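Below is data_37.json, holding JSON, C-alpha atoms (C1' of nucleotides).
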```json
[["chain", "number", "residue", "atom", "x", "y", "z"],
["A", 377, "MET", "CA", 8.88, -35.98, 5.98],
["A", 378, "SER", "CA", 10.22, -32.99, 4.15],
["A", 379, "SER", "CA", 11.36, -29.89, 5.96],
["A", 380, "GLU", "CA", 8.44, -27.93, 4.48],
["A", 381, "ASN", "CA", 6.02, -30.19, 6.27],
["A", 382, "LEU", "CA", 7.83, -29.76, 9.54],
["A", 383, "GLU", "CA", 7.73, -26.00, 9.24],
["A", 384, "LEU", "CA", 4.02, -26.13, 8.61],
["A", 385, "LYS", "CA", 3.37, -28.43, 11.53],
["A", 386, "LYS", "CA", 5.45, -26.30, 13.81],
["A", 387, "ALA", "CA", 3.31, -23.35, 12.76],
["A", 388, "GLY", "CA", 0.18, -25.26, 13.75],
["A", 389, "LEU", "CA", -1.07, -25.46, 10.18],
["A", 390, "LYS", "CA", -2.40, -28.56, 8.52],
["A", 391, "VAL", "CA", -0.10, -29.91, 5.85],
["A", 392, "THR", "CA", -2.13, -29.37, 2.71],
["A", 393, "LEU", "CA", -1.16, -29.37, -0.91],
["A", 394, "PRO", "CA", -1.64, -25.63, -1.50],
["A", 395, "ARG", "CA", 0.46, -24.76, 1.54],
["A", 396, "ILE", "CA", 3.27, -27.12, 0.60],
["A", 397, "LYS", "CA", 3.33, -25.82, -2.93],
["A", 398, "ILE", "CA", 3.28, -22.18, -1.95],
["A", 399, "LEU", "CA", 6.02, -22.66, 0.61],
["A", 400, "SER", "CA", 8.13, -24.50, -1.91],
["A", 401, "ILE", "CA", 7.63, -21.77, -4.49],
["A", 402, "LEU", "CA", 8.81, -19.18, -2.01],
["A", 403, "GLU", "CA", 11.83, -21.31, -1.15],
["A", 404, "SER", "CA", 12.90, -21.74, -4.73],
["A", 405, "ALA", "CA", 12.17, -18.22, -5.95],
["A", 406, "GLU", "CA", 15.23, -16.75, -7.62],
["A", 407, "ASN", "CA", 14.60, -13.17, -6.54],
["A", 408, "HIS", "CA", 12.90, -14.23, -3.38],
["A", 409, "HIS", "CA", 10.42, -11.37, -3.27],
["A", 410, "MET", "CA", 7.08, -12.34, -4.73],
["A", 411, "SER", "CA", 3.66, -10.75, -4.82],
["A", 412, "ALA", "CA", 0.56, -12.86, -4.25],
["A", 413, "GLU", "CA", -0.06, -12.55, -7.97],
["A", 414, "ASP", "CA", 3.46, -13.84, -8.71],
["A", 415, "VAL", "CA", 2.89, -16.89, -6.55],
["A", 416, "TYR", "CA", -0.49, -17.46, -8.16],
["A", 417, "LYS", "CA", 0.94, -17.25, -11.67],
["A", 418, "THR", "CA", 3.73, -19.65, -10.76],
["A", 419, "LEU", "CA", 1.17, -22.12, -9.48],
["A", 420, "MET", "CA", -0.90, -21.80, -12.65],
["A", 421, "GLU", "CA", 2.13, -22.28, -14.86],
["A", 422, "ALA", "CA", 2.95, -25.45, -12.96],
["A", 423, "GLY", "CA", -0.58, -26.65, -13.59],
["A", 424, "ASP", "CA", -1.51, -26.47, -9.92],
["A", 425, "ASP", "CA", -5.07, -25.34, -9.47],
["A", 426, "VAL", "CA", -4.99, -23.10, -6.43],
["A", 427, "GLY", "CA", -7.31, -20.14, -6.07],
["A", 428, "LEU", "CA", -5.92, -16.64, -5.72],
["A", 429, "ALA", "CA", -7.93, -16.26, -2.52],
["A", 430, "THR", "CA", -6.14, -19.26, -1.09],
["A", 431, "VAL", "CA", -2.79, -17.79, -2.00],
["A", 432, "TYR", "CA", -3.67, -14.67, -0.05],
["A", 433, "ARG", "CA", -5.01, -16.69, 2.87],
["A", 434, "VAL", "CA", -1.99, -18.93, 3.01],
["A", 435, "LEU", "CA", 0.48, -16.06, 2.73],
["A", 436, "THR", "CA", -1.34, -14.21, 5.51],
["A", 437, "GLN", "CA", -1.23, -17.32, 7.69],
["A", 438, "PHE", "CA", 2.45, -17.78, 6.93],
["A", 439, "GLU", "CA", 3.05, -14.21, 7.94],
["A", 440, "ALA", "CA", 1.16, -14.67, 11.20],
["A", 441, "ALA", "CA", 3.18, -17.81, 11.82],
["A", 442, "GLY", "CA", 6.40, -15.94, 11.21],
["A", 443, "LEU", "CA", 7.27, -18.04, 8.17],
["A", 444, "VAL", "CA", 7.23, -15.11, 5.75],
["A", 445, "LEU", "CA", 7.61, -11.36, 5.86],
["A", 446, "ARG", "CA", 5.26, -8.99, 4.08],
["A", 447, "HIS", "CA", 6.69, -5.78, 2.64],
["A", 448, "ASN", "CA", 4.75, -2.78, 1.40],
["A", 449, "PHE", "CA", 7.11, -1.30, -1.15],
["A", 450, "GLU", "CA", 5.70, 1.45, -3.30],
["A", 451, "GLY", "CA", 3.45, 0.34, -6.10],
["A", 452, "GLY", "CA", 0.23, -0.71, -4.47],
["A", 453, "HIS", "CA", 0.86, -4.39, -3.92],
["A", 454, "ALA", "CA", 2.57, -6.27, -1.12],
["A", 455, "VAL", "CA", 5.50, -8.59, -1.66],
["A", 456, "PHE", "CA", 6.39, -11.59, 0.46],
["A", 457, "GLU", "CA", 9.67, -13.26, 1.24],
["A", 458, "LEU", "CA", 10.66, -16.25, 3.30],
["A", 459, "ALA", "CA", 11.59, -15.20, 6.80],
["A", 460, "SER", "CA", 15.12, -16.11, 7.73],
["A", 461, "ASP", "CA", 17.01, -15.60, 10.95],
["A", 462, "ASP", "CA", 19.00, -12.69, 9.64],
["A", 463, "HIS", "CA", 17.22, -9.40, 9.40],
["A", 464, "HIS", "CA", 17.95, -7.21, 6.41],
["A", 465, "ASP", "CA", 16.75, -4.10, 4.65],
["A", 466, "HIS", "CA", 16.11, -3.51, 0.96],
["A", 467, "MET", "CA", 17.45, -1.52, -1.91],
["A", 468, "VAL", "CA", 15.10, -1.35, -4.90],
["A", 469, "CYS", "CA", 16.43, -0.27, -8.28],
["A", 470, "THR", "CA", 14.00, 2.19, -9.82],
["A", 471, "GLN", "CA", 15.18, 1.30, -13.34],
["A", 472, "THR", "CA", 15.16, -2.48, -13.26],
["A", 473, "GLY", "CA", 13.05, -3.37, -10.25],
["A", 474, "GLN", "CA", 15.94, -5.44, -8.92],
["A", 475, "VAL", "CA", 15.86, -5.90, -5.16],
["A", 476, "ILE", "CA", 19.09, -6.05, -3.20],
["A", 477, "GLU", "CA", 19.21, -6.95, 0.46],
["A", 478, "PHE", "CA", 21.61, -5.44, 2.91],
["A", 479, "CYS", "CA", 22.11, -5.13, 6.61],
["A", 480, "ASP", "CA", 24.11, -2.44, 8.32],
["A", 481, "PRO", "CA", 24.96, -2.69, 12.02],
["A", 482, "VAL", "CA", 25.66, 1.03, 12.26],
["A", 483, "ILE", "CA", 22.18, 1.92, 11.05],
["A", 484, "GLU", "CA", 20.55, -0.74, 13.19],
["A", 485, "GLU", "CA", 22.23, 0.58, 16.31],
["A", 486, "ARG", "CA", 21.42, 4.21, 15.56],
["A", 487, "GLN", "CA", 17.77, 3.28, 15.10],
["A", 488, "ARG", "CA", 17.70, 1.68, 18.52],
["A", 489, "GLN", "CA", 19.33, 4.74, 20.06],
["A", 490, "ILE", "CA", 16.96, 7.17, 18.37],
["A", 491, "ALA", "CA", 13.90, 5.27, 19.53],
["A", 492, "GLU", "CA", 15.32, 5.15, 23.04],
["A", 493, "GLU", "CA", 16.03, 8.87, 23.05],
["A", 494, "HIS", "CA", 12.31, 9.38, 22.48],
["A", 495, "GLY", "CA", 11.34, 6.91, 25.18],
["A", 496, "PHE", "CA", 10.37, 4.12, 22.81],
["A", 497, "GLU", "CA", 11.61, 0.71, 21.91],
["A", 498, "ILE", "CA", 11.52, -0.66, 18.40],
["A", 499, "VAL", "CA", 8.88, -3.21, 17.53],
["A", 500, "ASP", "CA", 9.74, -3.33, 13.86],
["A", 501, "HIS", "CA", 11.24, -1.16, 11.23],
["A", 502, "SER", "CA", 11.29, -0.73, 7.51],
["A", 503, "LEU", "CA", 14.12, 0.78, 5.55],
["A", 504, "THR", "CA", 14.04, 0.84, 1.78],
["A", 505, "LEU", "CA", 16.44, 2.68, -0.47],
["A", 506, "TYR", "CA", 15.16, 3.53, -3.93],
["A", 507, "VAL", "CA", 18.22, 3.73, -6.15],
["A", 508, "LYS", "CA", 19.45, 3.96, -9.71],
["A", 509, "PRO", "CA", 22.67, 2.73, -11.30],
["A", 510, "LYS", "CA", 25.54, 5.11, -10.79],
["A", 511, "LYS", "CA", 26.66, 6.77, -14.01],
["B", 46, "MET", "CA", -1.92, 37.50, -2.53],
["B", 47, "SER", "CA", -1.46, 34.83, 0.11],
["B", 48, "SER", "CA", 1.56, 32.59, 0.19],
["B", 49, "GLU", "CA", -0.60, 29.59, -0.69],
["B", 50, "ASN", "CA", -1.48, 31.19, -3.97],
["B", 51, "LEU", "CA", 2.14, 31.89, -4.72],
["B", 52, "GLU", "CA", 3.10, 28.30, -4.05],
["B", 53, "LEU", "CA", 0.39, 27.10, -6.39],
["B", 54, "LYS", "CA", 1.41, 29.49, -9.13],
["B", 55, "LYS", "CA", 5.01, 28.52, -8.78],
["B", 56, "ALA", "CA", 3.95, 24.92, -9.23],
["B", 57, "GLY", "CA", 2.21, 25.84, -12.48],
["B", 58, "LEU", "CA", -1.23, 25.06, -11.09],
["B", 59, "LYS", "CA", -4.27, 27.26, -11.46],
["B", 60, "VAL", "CA", -5.32, 28.84, -8.21],
["B", 61, "THR", "CA", -8.66, 27.20, -7.55],
["B", 62, "LEU", "CA", -10.72, 26.98, -4.41],
["B", 63, "PRO", "CA", -10.23, 23.25, -3.85],
["B", 64, "ARG", "CA", -6.47, 23.58, -4.19],
["B", 65, "ILE", "CA", -6.25, 26.54, -1.84],
["B", 66, "LYS", "CA", -8.38, 24.80, 0.74],
["B", 67, "ILE", "CA", -6.52, 21.53, 0.60],
["B", 68, "LEU", "CA", -3.17, 23.28, 0.85],
["B", 69, "SER", "CA", -4.38, 25.27, 3.80],
["B", 70, "ILE", "CA", -5.69, 22.16, 5.54],
["B", 71, "LEU", "CA", -2.31, 20.51, 5.16],
["B", 72, "GLU", "CA", -0.60, 23.59, 6.51],
["B", 73, "SER", "CA", -2.71, 23.77, 9.60],
["B", 74, "ALA", "CA", -2.90, 20.05, 10.37],
["B", 75, "GLU", "CA", -1.82, 19.42, 13.95],
["B", 76, "ASN", "CA", -0.23, 16.04, 13.29],
["B", 77, "HIS", "CA", 0.73, 16.97, 9.79],
["B", 78, "HIS", "CA", 0.25, 13.52, 8.30],
["B", 79, "MET", "CA", -3.12, 13.12, 6.65],
["B", 80, "SER", "CA", -4.71, 10.54, 4.41],
["B", 81, "ALA", "CA", -6.82, 11.59, 1.44],
["B", 82, "GLU", "CA", -9.83, 10.54, 3.47],
["B", 83, "ASP", "CA", -8.71, 12.75, 6.37],
["B", 84, "VAL", "CA", -8.43, 15.74, 4.08],
["B", 85, "TYR", "CA", -11.80, 14.97, 2.57],
["B", 86, "LYS", "CA", -13.47, 14.68, 5.96],
["B", 87, "THR", "CA", -11.93, 17.95, 7.08],
["B", 88, "LEU", "CA", -13.31, 19.65, 3.98],
["B", 89, "MET", "CA", -16.75, 18.22, 4.59],
["B", 90, "GLU", "CA", -16.75, 19.30, 8.21],
["B", 91, "ALA", "CA", -15.88, 22.80, 7.10],
["B", 92, "GLY", "CA", -18.83, 22.70, 4.72],
["B", 93, "ASP", "CA", -16.62, 22.79, 1.66],
["B", 94, "ASP", "CA", -18.04, 20.68, -1.13],
["B", 95, "VAL", "CA", -15.03, 19.07, -2.75],
["B", 96, "GLY", "CA", -15.20, 15.60, -4.26],
["B", 97, "LEU", "CA", -12.98, 12.85, -2.93],
["B", 98, "ALA", "CA", -11.70, 12.32, -6.47],
["B", 99, "THR", "CA", -10.55, 15.92, -6.54],
["B", 100, "VAL", "CA", -8.75, 15.46, -3.23],
["B", 101, "TYR", "CA", -6.82, 12.58, -4.72],
["B", 102, "ARG", "CA", -6.12, 14.47, -7.93],
["B", 103, "VAL", "CA", -4.95, 17.56, -6.10],
["B", 104, "LEU", "CA", -2.76, 15.63, -3.68],
["B", 105, "THR", "CA", -1.19, 13.76, -6.57],
["B", 106, "GLN", "CA", -0.54, 17.03, -8.38],
["B", 107, "PHE", "CA", 0.93, 18.53, -5.24],
["B", 108, "GLU", "CA", 3.20, 15.54, -4.93],
["B", 109, "ALA", "CA", 4.33, 15.87, -8.54],
["B", 110, "ALA", "CA", 4.97, 19.56, -7.91],
["B", 111, "GLY", "CA", 7.04, 18.74, -4.86],
["B", 112, "LEU", "CA", 4.62, 20.52, -2.51],
["B", 113, "VAL", "CA", 3.77, 17.41, -0.53],
["B", 114, "LEU", "CA", 5.29, 14.02, 0.20],
["B", 115, "ARG", "CA", 3.36, 10.77, 0.02],
["B", 116, "HIS", "CA", 4.19, 8.02, 2.49],
["B", 117, "ASN", "CA", 3.08, 4.40, 2.35],
["B", 118, "PHE", "CA", 3.07, 3.40, 5.99],
["B", 119, "GLU", "CA", 1.47, 0.06, 6.78],
["B", 120, "GLY", "CA", -2.29, 0.02, 6.77],
["B", 121, "GLY", "CA", -3.35, 0.10, 3.16],
["B", 122, "HIS", "CA", -3.71, 3.84, 2.64],
["B", 123, "ALA", "CA", -1.19, 6.55, 1.85],
["B", 124, "VAL", "CA", -0.60, 9.60, 4.03],
["B", 125, "PHE", "CA", 0.52, 13.01, 2.85],
["B", 126, "GLU", "CA", 2.50, 15.75, 4.53],
["B", 127, "LEU", "CA", 3.64, 19.16, 3.44],
["B", 128, "ALA", "CA", 7.12, 19.02, 1.97],
["B", 129, "SER", "CA", 9.61, 21.13, 3.82],
["B", 130, "ASP", "CA", 13.26, 21.77, 3.09],
["B", 131, "ASP", "CA", 14.46, 19.45, 5.80],
["B", 132, "HIS", "CA", 14.26, 15.77, 5.08],
["B", 133, "HIS", "CA", 13.24, 13.51, 7.91],
["B", 134, "ASP", "CA", 12.22, 9.95, 8.67],
["B", 135, "HIS", "CA", 9.33, 8.65, 10.77],
["B", 136, "MET", "CA", 8.72, 6.79, 13.97],
["B", 137, "VAL", "CA", 5.17, 5.47, 14.30],
["B", 138, "CYS", "CA", 3.90, 4.39, 17.71],
["B", 139, "THR", "CA", 2.07, 1.10, 17.36],
["B", 140, "GLN", "CA", -0.02, 1.80, 20.45],
["B", 141, "THR", "CA", -1.17, 5.37, 19.86],
["B", 142, "GLY", "CA", -0.60, 5.95, 16.16],
["B", 143, "GLN", "CA", 1.47, 9.00, 17.06],
["B", 144, "VAL", "CA", 3.99, 9.94, 14.38],
["B", 145, "ILE", "CA", 7.35, 11.39, 15.39],
["B", 146, "GLU", "CA", 9.78, 12.80, 12.88],
["B", 147, "PHE", "CA", 13.50, 12.50, 13.17],
["B", 148, "CYS", "CA", 16.59, 12.90, 11.08],
["B", 149, "ASP", "CA", 19.91, 11.25, 11.73],
["B", 150, "PRO", "CA", 23.02, 12.27, 9.78],
["B", 151, "VAL", "CA", 24.80, 9.04, 10.67],
["B", 152, "ILE", "CA", 22.05, 6.94, 9.10],
["B", 153, "GLU", "CA", 21.77, 9.23, 6.10],
["B", 154, "GLU", "CA", 25.47, 8.95, 5.39],
["B", 155, "ARG", "CA", 25.57, 5.18, 5.82],
["B", 156, "GLN", "CA", 22.70, 4.85, 3.37],
["B", 157, "ARG", "CA", 24.62, 6.79, 0.78],
["B", 158, "GLN", "CA", 27.71, 4.65, 1.35],
["B", 159, "ILE", "CA", 25.79, 1.39, 1.12],
["B", 160, "ALA", "CA", 24.16, 2.37, -2.14],
["B", 161, "GLU", "CA", 27.52, 3.41, -3.51],
["B", 162, "GLU", "CA", 29.15, 0.14, -2.49],
["B", 163, "HIS", "CA", 26.63, -1.60, -4.71],
["B", 164, "GLY", "CA", 27.18, 0.79, -7.61],
["B", 165, "PHE", "CA", 23.99, 2.76, -7.10],
["B", 166, "GLU", "CA", 23.03, 6.23, -6.08],
["B", 167, "ILE", "CA", 20.01, 6.99, -3.96],
["B", 168, "VAL", "CA", 16.94, 8.42, -5.65],
["B", 169, "ASP", "CA", 14.80, 8.31, -2.55],
["B", 170, "HIS", "CA", 14.50, 6.39, 0.63],
["B", 171, "SER", "CA", 11.98, 5.46, 3.24],
["B", 172, "LEU", "CA", 12.79, 4.66, 6.85],
["B", 173, "THR", "CA", 10.03, 4.04, 9.33],
["B", 174, "LEU", "CA", 10.47, 2.76, 12.86],
["B", 175, "TYR", "CA", 7.45, 1.06, 14.39],
["B", 176, "VAL", "CA", 7.81, 1.52, 18.13],
["B", 177, "LYS", "CA", 6.06, 1.19, 21.47],
["B", 178, "PRO", "CA", 6.52, 3.14, 24.70],
["B", 179, "LYS", "CA", 9.41, 1.89, 26.75],
["B", 180, "LYS", "CA", 8.34, 0.22, 29.98],
["C", 1180, "DC", "C1'", -12.60, 32.43, -25.13],
["C", 1181, "DT", "C1'", -10.29, 28.08, -24.13],
["C", 1182, "DA", "C1'", -7.84, 25.08, -21.74],
["C", 1183, "DA", "C1'", -7.63, 23.56, -17.15],
["C", 1184, "DT", "C1'", -10.32, 21.90, -13.38],
["C", 1185, "DT", "C1'", -14.10, 19.84, -10.98],
["C", 1186, "DG", "C1'", -17.93, 16.49, -9.45],
["C", 1187, "DC", "C1'", -20.13, 12.52, -10.06],
["C", 1188, "DA", "C1'", -20.32, 7.93, -10.86],
["C", 1189, "DA", "C1'", -18.25, 4.10, -12.66],
["C", 1190, "DA", "C1'", -14.14, 1.31, -12.92],
["C", 1191, "DA", "C1'", -9.86, -0.50, -11.60],
["C", 1192, "DG", "C1'", -6.55, -3.01, -8.64],
["C", 1193, "DC", "C1'", -5.40, -5.44, -4.63],
["C", 1194, "DT", "C1'", -7.12, -8.03, -0.90],
["C", 1195, "DT", "C1'", -10.69, -10.10, 2.08],
["C", 1196, "DT", "C1'", -14.84, -12.70, 3.10],
["C", 1197, "DG", "C1'", -19.18, -15.88, 2.83],
["C", 1198, "DC", "C1'", -20.40, -20.21, 1.90],
["C", 1199, "DA", "C1'", -20.85, -24.93, 0.29],
["C", 1200, "DG", "C1'", -18.05, -28.75, -0.60],
["C", 1201, "DC", "C1'", -13.58, -31.32, -0.03],
["C", 1202, "DG", "C1'", -9.63, -33.30, 2.48],
["C", 1203, "DC", "C1'", -6.30, -33.97, 6.25],
["C", 1204, "DA", "C1'", -5.71, -36.08, 10.73],
["D", 281, "DT", "C1'", -15.82, -38.66, 11.23],
["D", 282, "DG", "C1'", -15.07, -33.78, 12.14],
["D", 283, "DC", "C1'", -13.03, -29.57, 11.80],
["D", 284, "DG", "C1'", -10.05, -27.18, 8.98],
["D", 285, "DC", "C1'", -9.12, -25.90, 4.40],
["D", 286, "DT", "C1'", -10.23, -24.73, -0.38],
["D", 287, "DG", "C1'", -12.42, -22.66, -4.51],
["D", 288, "DC", "C1'", -15.46, -19.63, -6.34],
["D", 289, "DA", "C1'", -17.72, -15.53, -6.58],
["D", 290, "DA", "C1'", -19.00, -11.53, -4.43],
["D", 291, "DA", "C1'", -17.82, -7.71, -1.62],
["D", 292, "DG", "C1'", -14.49, -4.14, 0.37],
["D", 293, "DC", "C1'", -11.18, -0.46, 0.23],
["D", 294, "DT", "C1'", -8.32, 2.80, -1.57],
["D", 295, "DT", "C1'", -7.35, 5.12, -5.65],
["D", 296, "DT", "C1'", -8.05, 6.29, -10.62],
["D", 297, "DT", "C1'", -10.58, 7.57, -14.74],
["D", 298, "DG", "C1'", -14.38, 9.15, -18.22],
["D", 299, "DC", "C1'", -17.19, 12.77, -19.18],
["D", 300, "DA", "C1'", -20.06, 16.78, -19.17],
["D", 301, "DA", "C1'", -20.37, 21.03, -16.77],
["D", 302, "DT", "C1'", -17.81, 24.82, -14.64],
["D", 303, "DT", "C1'", -14.12, 28.14, -13.92],
["D", 304, "DA", "C1'", -9.66, 30.58, -13.94],
["D", 305, "DG", "C1'", -6.76, 33.57, -16.65]]
```
Rewrite the structure from the file as structure tokens, please.
Amino acid sequence: MSSENLELKKAGLKVTLPRIKILSILESAENHHMSAEDVYKTLMEAGDDVGLATVYRVLTQFEAAGLVLRHNFEGGHAVFELASDDHHDHMVCTQTGQVIEFCDPVIEERQRQIAEEHGFEIVDHSLTLYVKPKK
Amino acid sequence: MSSENLELKKAGLKVTLPRIKILSILESAENHHMSAEDVYKTLMEAGDDVGLATVYRVLTQFEAAGLVLRHNFEGGHAVFELASDDHHDHMVCTQTGQVIEFCDPVIEERQRQIAEEHGFEIVDHSLTLYVKPKK
DNA sequence: CTAATTGCAAAAGCTTTGCAGCGCA
DNA sequence: TGCGCTGCAAAGCTTTTGCAATTAG
């Protein structure tokens, strides 16, 4: 059994064709940040008849299961990426749309300290840099 | 002439009742982060007949003029706050919805460095910590 | 006077939901 | 076989837009 199937099982989800295909699309995405629409189009292009509603449902289930992360960058639509063990933040180029991932221990630690100074602990955080190529 | 009117003029916007009222609502908001709907409701409660569409248009114009900032926290709708000289980031309590502002020079500087290391310069950035009260 | 602004209602865009039928276990 | 899953279409939400009437300068 492929690793996709195992991941699905572990998440308590039935191993169905749409789920396998969507997971595999996310795994093989070159820039691994895709909107629901992106996933849907990819399915269509591959001749796989999966409804857009199912794409949304499956992505939401994957998110609940911790398989994918949902990001709300600016622009009205959410983007999804495969969850991996290593946390990272994002840098989005305002000219090209390119998304670069990074992780900075200094920032991570300061965040924890700041929350603590206010009597809180961090549940989650979102850091996105909107950048442009340096002249 | 009140300072609101001056700000509007400076922004190249005609001084109209809806604009004055919306600006004043933002200025006197206790937790100064409001959604378009919040602003609209406040207007209604005050008996001011301003269309929701106008609220959106005015907020968008204010944003373009640099008078307000638009944030896309999680939850599907944008929130607006009066722009002030001092930049800051946000900490949102997941239990109470409370929004705390903070600014950390260490994080700011690291962001700049990270962008530079990748050959970019920062146009804008968004950092939001989702927190819960510490036990 | 004239261009900017507003209100209303309709439309748009993303996402969710109801329901009948299909498919995995 | 049975419950979960899917597809379709319809509905929901936030936000935007078209247009005729109104208003600021």
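Straight-line separation from atom CA of B:Phe165 to atom CA of A:His501: 22.7 Å.
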Which neighbours of stretch 282-298 of chain D fall inside 10 Å, counting all atoms listed in the file, when residues of the same chain fewer than 3 positions from it are skipped, and could you give them as a ChimeraX atom specification? /A:389-392,394,425-430,452 /B:81-82,97-98,101-102,121-123 /C:1188-1204
Store the residues picked out above, limited to C-alpha atoms (C1' of nucleotides), as a PDB file, in the frame of the given file.
```pdb
ATOM      1  CA  LEU A 389      -1.070 -25.460  10.180  1.00  0.00           C
ATOM      2  CA  LYS A 390      -2.400 -28.560   8.520  1.00  0.00           C
ATOM      3  CA  VAL A 391      -0.100 -29.910   5.850  1.00  0.00           C
ATOM      4  CA  THR A 392      -2.130 -29.370   2.710  1.00  0.00           C
ATOM      5  CA  PRO A 394      -1.640 -25.630  -1.500  1.00  0.00           C
ATOM      6  CA  ASP A 425      -5.070 -25.340  -9.470  1.00  0.00           C
ATOM      7  CA  VAL A 426      -4.990 -23.100  -6.430  1.00  0.00           C
ATOM      8  CA  GLY A 427      -7.310 -20.140  -6.070  1.00  0.00           C
ATOM      9  CA  LEU A 428      -5.920 -16.640  -5.720  1.00  0.00           C
ATOM     10  CA  ALA A 429      -7.930 -16.260  -2.520  1.00  0.00           C
ATOM     11  CA  THR A 430      -6.140 -19.260  -1.090  1.00  0.00           C
ATOM     12  CA  GLY A 452       0.230  -0.710  -4.470  1.00  0.00           C
TER      13      GLY A 452
ATOM     14  CA  ALA B  81      -6.820  11.590   1.440  1.00  0.00           C
ATOM     15  CA  GLU B  82      -9.830  10.540   3.470  1.00  0.00           C
ATOM     16  CA  LEU B  97     -12.980  12.850  -2.930  1.00  0.00           C
ATOM     17  CA  ALA B  98     -11.700  12.320  -6.470  1.00  0.00           C
ATOM     18  CA  TYR B 101      -6.820  12.580  -4.720  1.00  0.00           C
ATOM     19  CA  ARG B 102      -6.120  14.470  -7.930  1.00  0.00           C
ATOM     20  CA  GLY B 121      -3.350   0.100   3.160  1.00  0.00           C
ATOM     21  CA  HIS B 122      -3.710   3.840   2.640  1.00  0.00           C
ATOM     22  CA  ALA B 123      -1.190   6.550   1.850  1.00  0.00           C
TER      23      ALA B 123
ATOM     24  C1'  DA C1188     -20.320   7.930 -10.860  1.00  0.00           C
ATOM     25  C1'  DA C1189     -18.250   4.100 -12.660  1.00  0.00           C
ATOM     26  C1'  DA C1190     -14.140   1.310 -12.920  1.00  0.00           C
ATOM     27  C1'  DA C1191      -9.860  -0.500 -11.600  1.00  0.00           C
ATOM     28  C1'  DG C1192      -6.550  -3.010  -8.640  1.00  0.00           C
ATOM     29  C1'  DC C1193      -5.400  -5.440  -4.630  1.00  0.00           C
ATOM     30  C1'  DT C1194      -7.120  -8.030  -0.900  1.00  0.00           C
ATOM     31  C1'  DT C1195     -10.690 -10.100   2.080  1.00  0.00           C
ATOM     32  C1'  DT C1196     -14.840 -12.700   3.100  1.00  0.00           C
ATOM     33  C1'  DG C1197     -19.180 -15.880   2.830  1.00  0.00           C
ATOM     34  C1'  DC C1198     -20.400 -20.210   1.900  1.00  0.00           C
ATOM     35  C1'  DA C1199     -20.850 -24.930   0.290  1.00  0.00           C
ATOM     36  C1'  DG C1200     -18.050 -28.750  -0.600  1.00  0.00           C
ATOM     37  C1'  DC C1201     -13.580 -31.320  -0.030  1.00  0.00           C
ATOM     38  C1'  DG C1202      -9.630 -33.300   2.480  1.00  0.00           C
ATOM     39  C1'  DC C1203      -6.300 -33.970   6.250  1.00  0.00           C
ATOM     40  C1'  DA C1204      -5.710 -36.080  10.730  1.00  0.00           C
TER      41       DA C1204
END
```
Expressed in Å, the length from atom CA of B:His78 to atom CA of B:Leu114 is 9.6 Å
Exercise for review: May I have the residues of chain C within 10 Å of chain B, counting all atoms listed in the file, written as JSON, numbers by chain?
Suggested key: {"C": [1183, 1184, 1185, 1186, 1187, 1193, 1194]}
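Atom pair atom CA of B:Glu154 / atom CA of A:Asp480: separated by 11.8 Å.
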Contact table chain A vs chain B, cut-off 8 Å, shortest pair per residue, all atoms listed in the file, as a tab-separated table:
```
residue	atom	partner	partner_atom	distance
A:Asn448	CA	B:Glu119	CA	6.9
A:Phe449	CA	B:Asn117	CA	7.8
A:Glu450	CA	B:Asn117	CA	6.9
A:Met467	CA	B:Ala160	CA	7.8
A:Val482	CA	B:Ile152	CA	7.6
A:Ile483	CA	B:Ile152	CA	5.4
A:Arg486	CA	B:Ile152	CA	7.0
A:Gln487	CA	B:Leu174	CA	7.7
A:Ala491	CA	B:Val176	CA	7.3
A:Glu492	CA	B:Lys179	CA	7.7
A:Gly495	CA	B:Lys179	CA	5.6
A:Phe496	CA	B:Pro178	CA	4.4
A:Glu497	CA	B:Val176	CA	5.4
A:Ile498	CA	B:Val176	CA	4.3
A:Val499	CA	B:Val176	CA	4.9
A:Asp500	CA	B:Tyr175	CA	5.0
A:His501	CA	B:Leu174	CA	4.3
A:Ser502	CA	B:Thr173	CA	5.3
A:Leu503	CA	B:Leu172	CA	4.3
A:Thr504	CA	B:Ser171	CA	5.3
A:Leu505	CA	B:His170	CA	4.3
A:Tyr506	CA	B:Asp169	CA	5.0
A:Val507	CA	B:Ile167	CA	4.3
A:Lys508	CA	B:Phe165	CA	5.4
A:Pro509	CA	B:Phe165	CA	4.4
A:Lys510	CA	B:Phe165	CA	4.6
```
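Distance annotation: of B:Leu104, B:Ile67, B:Met89, B:Ala74, the residue with the minimal separation from chain D is B:Leu104; atom set is only C-alpha atoms (C1' of nucleotides).
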Report, as AutoDock Vina command-line options, the axis-aligned box around all atoms of stretch 442-458 of chain A present in the file, extended by 4 Å on each side; give centre and edge lengths in Å to one decimal place.
```
--center_x 5.4 --center_y -8.3 --center_z 2.6 --size_x 18.4 --size_y 27.5 --size_z 25.3
```
Write out as a PDB file with C-alpha atoms, in the frame of the given file each polymer residue whose atoms come within 10 Å of A:Glu383, counting all atoms listed in the file; drop sequence neighbours fewer than 4 positions from it.
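After the write, result30.pdb holds the following:
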```pdb
ATOM      1  CA  SER A 378      10.220 -32.990   4.150  1.00  0.00           C
ATOM      2  CA  SER A 379      11.360 -29.890   5.960  1.00  0.00           C
ATOM      3  CA  ALA A 387       3.310 -23.350  12.760  1.00  0.00           C
ATOM      4  CA  GLY A 388       0.180 -25.260  13.750  1.00  0.00           C
ATOM      5  CA  LEU A 389      -1.070 -25.460  10.180  1.00  0.00           C
ATOM      6  CA  VAL A 391      -0.100 -29.910   5.850  1.00  0.00           C
ATOM      7  CA  ILE A 396       3.270 -27.120   0.600  1.00  0.00           C
ATOM      8  CA  LEU A 399       6.020 -22.660   0.610  1.00  0.00           C
ATOM      9  CA  ALA A 441       3.180 -17.810  11.820  1.00  0.00           C
ATOM     10  CA  LEU A 443       7.270 -18.040   8.170  1.00  0.00           C
TER      11      LEU A 443
END
```
